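To start, the structure itself, in structure tokens.
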Amino acid sequence: MTHTLKDKVAIVTGASRGIGAAIAQRFAAEGARVVLVARTGEPGGKLPGSLDETAAHIRAAGGDCLCVQADLASATDRERIIAETLRHYGGIDILVNNAAWARFGAGYAQSVERVQLAYAVNLFAPHHLAQLAIPAMKARGGGWILNLSSATSTRPGPAPYDPKDRAYRFHTTHSPTLYGSTKAALERLSTGMAMELAADNIAVNTLAPVEAVASEGALVSGSIDDLAHMEPVEAMAEAALALCSRSQAALSGRVALSLPLRELGLPVMRLDGAGPLPDFKL
């Protein structure tokens, strides 16, 4: 174990399950004190996973964590997340904005309420949490902000359209238009903030799977077809670790896909950091 994040304080949203839970466990294995944030505090919700379960995994392995149950659509809750982190741990080094809200379907047919909620959770919340965390990062000499994105941020090509084309079929069945638009905005926000914060030694990056991770939320959304390239959640966690520990001057402003981070020579480790993921090759 390298303890790359020893004594660092990391906030991870959407940490009750899936990619967020994996990132939180991987960071804790590297010595970080992790603030776990999600709406689902206890087991028994609509989907498997909860803050209590993620915390149990971390503590059983000797890690240190704090659970903060919160609704990221609420500005008051976002302020409370930062306040409780500072009160409990005294600082912030890393912010991972992983939580997201998605409903797939034709973009033109999405209700105003759904559009507002998608942008509230997927764009406004990461921006507001970053605003609140940046002063604490500056006080500690720098930090890392990582915003989780999606391959759906990529624009589909123009007409003429081929009904047999995979992207065409996706957009005319389980369309990602609304969700993808929030992630496209998040990527542009992130790359601009990376330049703005470079002099303060704060890195800002986005990270997405090449296509899909079989997380609990993704599996019930209808957004994964039978052609999707699937990758293990451990690959996302390892890429997140690199983007939240490497030199801010060298690794910032990236719109990164997880597996292509092999350019850094990263093995994909188990979430406990004790060894490489068996039977997996980049």
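Just so we're on the same page: first chain in the structure tokens is A, next is B, and so on; residues restart at 1 for each chain, and ligands are numbered from 1 in the order they show up.
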Backbone DSSP call of alpha helix (DSSP H) for range 5-209 of chain A, listed as JSON, numbers by chain: {"A": [18, 19, 20, 21, 22, 23, 24, 25, 26, 27, 28, 29, 51, 52, 53, 54, 55, 56, 57, 58, 59, 60, 75, 76, 77, 78, 79, 80, 81, 82, 83, 84, 85, 86, 87, 88, 89, 112, 113, 114, 115, 116, 117, 118, 119, 125, 126, 127, 128, 129, 130, 131, 132, 133, 134, 135, 136, 137, 138, 139, 166, 167, 168, 169, 170, 171, 177, 178, 179, 180, 181, 182, 183, 184, 185, 186, 187, 188, 189, 190, 191, 192, 193, 194, 195, 196]}
Residues within 8 Å of Asn201 in chain A, only C-alpha atoms, excluding chain neighbours under 6 positions, as number ranges by chain: A: 138, 141-143, 248-249
Exercise: range 24-31 of chain A partners within 7 Å, only C-alpha atoms, chain neighbours under 4 positions left out, as a list in words: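 My list of contacting residues is Met1, Thr2, His3, Thr4, Leu5, Lys6, Asp7, Val12, Ala15, Gly20, Ile58, Gly63, Asp64, Ala237, Leu241, Leu271, Asp272 and Gly273 of chain A.
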Filtered DSSP result for range 14-251 of chain A, state strand (DSSP E), as a list in words: Arg33, Val34, Val35, Leu36, Val37, Ala38, Asp64, Cys65, Leu66, Cys67, Val68, Gln69, Ile94, Leu95, Val96, Asn97, Gly143, Trp144, Ile145, Leu146, Asn147, Leu148, Ile202, Ala203, Val204, Asn205, Thr206, Leu207 and Ala208 of chain A
Show me a table, sorted first by chain and then by increasing residue number, of the residues of range 14-96 of chain A having an atom at most 12 Å from range 101-110 of chain A, each with its shortest atom pair and the distance in Å to one decimal, counting only C-alpha atoms and written as JSON lines.
```
{"residue": "A:Gly14", "atom": "CA", "partner": "A:Trp101", "partner_atom": "CA", "distance": 10.1}
{"residue": "A:Ala38", "atom": "CA", "partner": "A:Trp101", "partner_atom": "CA", "distance": 11.9}
{"residue": "A:Arg39", "atom": "CA", "partner": "A:Trp101", "partner_atom": "CA", "distance": 11.7}
{"residue": "A:Asp71", "atom": "CA", "partner": "A:Trp101", "partner_atom": "CA", "distance": 11.1}
{"residue": "A:Leu72", "atom": "CA", "partner": "A:Trp101", "partner_atom": "CA", "distance": 9.8}
{"residue": "A:Ala73", "atom": "CA", "partner": "A:Trp101", "partner_atom": "CA", "distance": 9.7}
```
Surrounding residues of Ile23 in chain A excluding itself and chain neighbours under 4 positions, 12 Å, only C-alpha atoms, as a ChimeraX atom specification: /A:10-19,27-30,32,34-36,54,58,94-99,146,148,207,233-244,269-273
Write to file, as a PDB file, in the first residue's frame, the residues of the selection just made, with C-alpha atoms.
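Written output follows (out_32.pdb):
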```pdb
ATOM      1  CA  ALA A  10     -11.620  14.008   0.200  1.00  0.00           C
ATOM      2  CA  ILE A  11     -15.324  14.673  -0.381  1.00  0.00           C
ATOM      3  CA  VAL A  12     -17.007  12.143  -2.700  1.00  0.00           C
ATOM      4  CA  THR A  13     -20.631  12.698  -3.725  1.00  0.00           C
ATOM      5  CA  GLY A  14     -22.853   9.856  -4.827  1.00  0.00           C
ATOM      6  CA  ALA A  15     -20.826   7.574  -2.553  1.00  0.00           C
ATOM      7  CA  SER A  16     -23.636   5.209  -1.592  1.00  0.00           C
ATOM      8  CA  ARG A  17     -23.091   2.907  -4.565  1.00  0.00           C
ATOM      9  CA  GLY A  18     -21.425   2.396  -7.931  1.00  0.00           C
ATOM     10  CA  ILE A  19     -18.545   4.554  -9.089  1.00  0.00           C
ATOM     11  CA  PHE A  27      -9.136   6.786  -1.710  1.00  0.00           C
ATOM     12  CA  ALA A  28      -9.576   5.505   1.838  1.00  0.00           C
ATOM     13  CA  ALA A  29      -7.245   2.596   1.064  1.00  0.00           C
ATOM     14  CA  GLU A  30      -4.622   5.200   0.116  1.00  0.00           C
ATOM     15  CA  ALA A  32      -7.530   9.652   2.711  1.00  0.00           C
ATOM     16  CA  VAL A  34     -13.234  10.499   3.124  1.00  0.00           C
ATOM     17  CA  VAL A  35     -16.511  12.395   3.437  1.00  0.00           C
ATOM     18  CA  LEU A  36     -19.227  10.202   1.942  1.00  0.00           C
ATOM     19  CA  THR A  54     -19.861   2.120   2.007  1.00  0.00           C
ATOM     20  CA  ILE A  58     -14.009   1.519   4.613  1.00  0.00           C
ATOM     21  CA  ILE A  94     -10.095  16.832  -2.832  1.00  0.00           C
ATOM     22  CA  LEU A  95     -13.626  17.234  -4.178  1.00  0.00           C
ATOM     23  CA  VAL A  96     -15.072  14.469  -6.362  1.00  0.00           C
ATOM     24  CA  ASN A  97     -18.406  15.472  -7.900  1.00  0.00           C
ATOM     25  CA  ASN A  98     -19.715  12.059  -8.874  1.00  0.00           C
ATOM     26  CA  ALA A  99     -23.440  12.239  -8.057  1.00  0.00           C
ATOM     27  CA  LEU A 146     -12.712  15.951 -10.215  1.00  0.00           C
ATOM     28  CA  LEU A 148     -17.484  12.814 -13.297  1.00  0.00           C
ATOM     29  CA  LEU A 207     -13.422  11.750 -15.944  1.00  0.00           C
ATOM     30  CA  VAL A 233     -15.585   0.081 -11.597  1.00  0.00           C
ATOM     31  CA  GLU A 234     -12.008  -0.376 -10.370  1.00  0.00           C
ATOM     32  CA  ALA A 235     -10.712   1.238 -13.581  1.00  0.00           C
ATOM     33  CA  MET A 236     -12.661   4.404 -12.829  1.00  0.00           C
ATOM     34  CA  ALA A 237     -11.438   4.413  -9.230  1.00  0.00           C
ATOM     35  CA  GLU A 238      -7.803   4.068 -10.320  1.00  0.00           C
ATOM     36  CA  ALA A 239      -8.112   6.866 -12.867  1.00  0.00           C
ATOM     37  CA  ALA A 240      -9.791   9.060 -10.236  1.00  0.00           C
ATOM     38  CA  LEU A 241      -6.899   8.409  -7.858  1.00  0.00           C
ATOM     39  CA  ALA A 242      -4.393   9.551 -10.481  1.00  0.00           C
ATOM     40  CA  LEU A 243      -6.360  12.706 -11.241  1.00  0.00           C
ATOM     41  CA  CYS A 244      -6.610  13.536  -7.530  1.00  0.00           C
ATOM     42  CA  MET A 269      -5.778  -2.079  -8.601  1.00  0.00           C
ATOM     43  CA  ARG A 270      -8.369  -3.694  -6.396  1.00  0.00           C
ATOM     44  CA  LEU A 271     -10.368  -1.213  -4.341  1.00  0.00           C
ATOM     45  CA  ASP A 272      -8.411  -2.158  -1.219  1.00  0.00           C
ATOM     46  CA  GLY A 273      -5.178  -1.250  -3.032  1.00  0.00           C
TER      47      GLY A 273
END
```
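All residues of protein, DNA or RNA that reach within 9 Å of Arg80 in chain A, judged by only C-alpha atoms and not counting those fewer than 4 positions away in the chain, are Val68, Ala70, Ala75, Thr76, Glu84 and Thr85 of chain A.
CA of Leu251 in chain A is found 12.7 Å from CA of Leu197 in chain A.
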d(CA of Lys46 in chain A, CA of Val210 in chain A) in Å: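 That distance, rounded to one decimal, is 27.0 Å.
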Gly44 in chain A environment, 12 Å, only C-alpha atoms, sequence neighbours closer than 6 positions dropped, as a list in words: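 Once the adjacent positions are removed, what remains is Ser16, Ser50, Leu51, Asp52 and Glu53 of chain A.
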Create the file for the chosen residues now, containing N, CA and C atoms and written as a PDB file, in the first residue's frame.
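Result file is part_38.pdb:
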```pdb
ATOM      1  N   SER A  16     -22.870   6.315  -2.160  1.00  0.00           N
ATOM      2  CA  SER A  16     -23.636   5.209  -1.592  1.00  0.00           C
ATOM      3  C   SER A  16     -23.530   3.940  -2.424  1.00  0.00           C
ATOM      4  N   SER A  50     -25.808   2.070   0.130  1.00  0.00           N
ATOM      5  CA  SER A  50     -26.123   3.168   1.036  1.00  0.00           C
ATOM      6  C   SER A  50     -24.830   3.711   1.623  1.00  0.00           C
ATOM      7  N   LEU A  51     -24.914   4.881   2.234  1.00  0.00           N
ATOM      8  CA  LEU A  51     -23.748   5.451   2.894  1.00  0.00           C
ATOM      9  C   LEU A  51     -23.250   4.533   4.009  1.00  0.00           C
ATOM     10  N   ASP A  52     -24.168   3.965   4.767  1.00  0.00           N
ATOM     11  CA  ASP A  52     -23.771   3.088   5.865  1.00  0.00           C
ATOM     12  C   ASP A  52     -22.961   1.896   5.360  1.00  0.00           C
ATOM     13  N   GLU A  53     -23.363   1.351   4.222  1.00  0.00           N
ATOM     14  CA  GLU A  53     -22.661   0.179   3.685  1.00  0.00           C
ATOM     15  C   GLU A  53     -21.273   0.548   3.163  1.00  0.00           C
TER      16      GLU A  53
END
```
d(CA of Arg87 in chain A, CA of Ala194 in chain A) in Å: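 Pair CA of Arg87 in chain A / CA of Ala194 in chain A returns 27.1 Å.
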Shortest interatomic distance to Gly90 in chain A - which of A:Lys8, A:His171, A:Arg254, A:His128, counting only C-alpha atoms: A:Lys8
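Residue nearest Ala83 in chain A, chosen from A:Leu129, A:Val121, A:Ala100, A:Ala61 and counting only C-alpha atoms: A:Leu129.
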Residue among A:Glu231, A:Asp279, A:Glu196, A:Glu42 lying closest to Ser258 in chain A, counting only C-alpha atoms: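 Smallest distance to Ser258 in chain A is found for A:Glu231.
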Pick from A:Ala151, A:Ile202, A:Leu186, A:Val255, whichever lies nearest to Ile134 in chain A using only C-alpha atoms: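 Checking each candidate against Ile134 in chain A, we get A:Ile202 as the closest.
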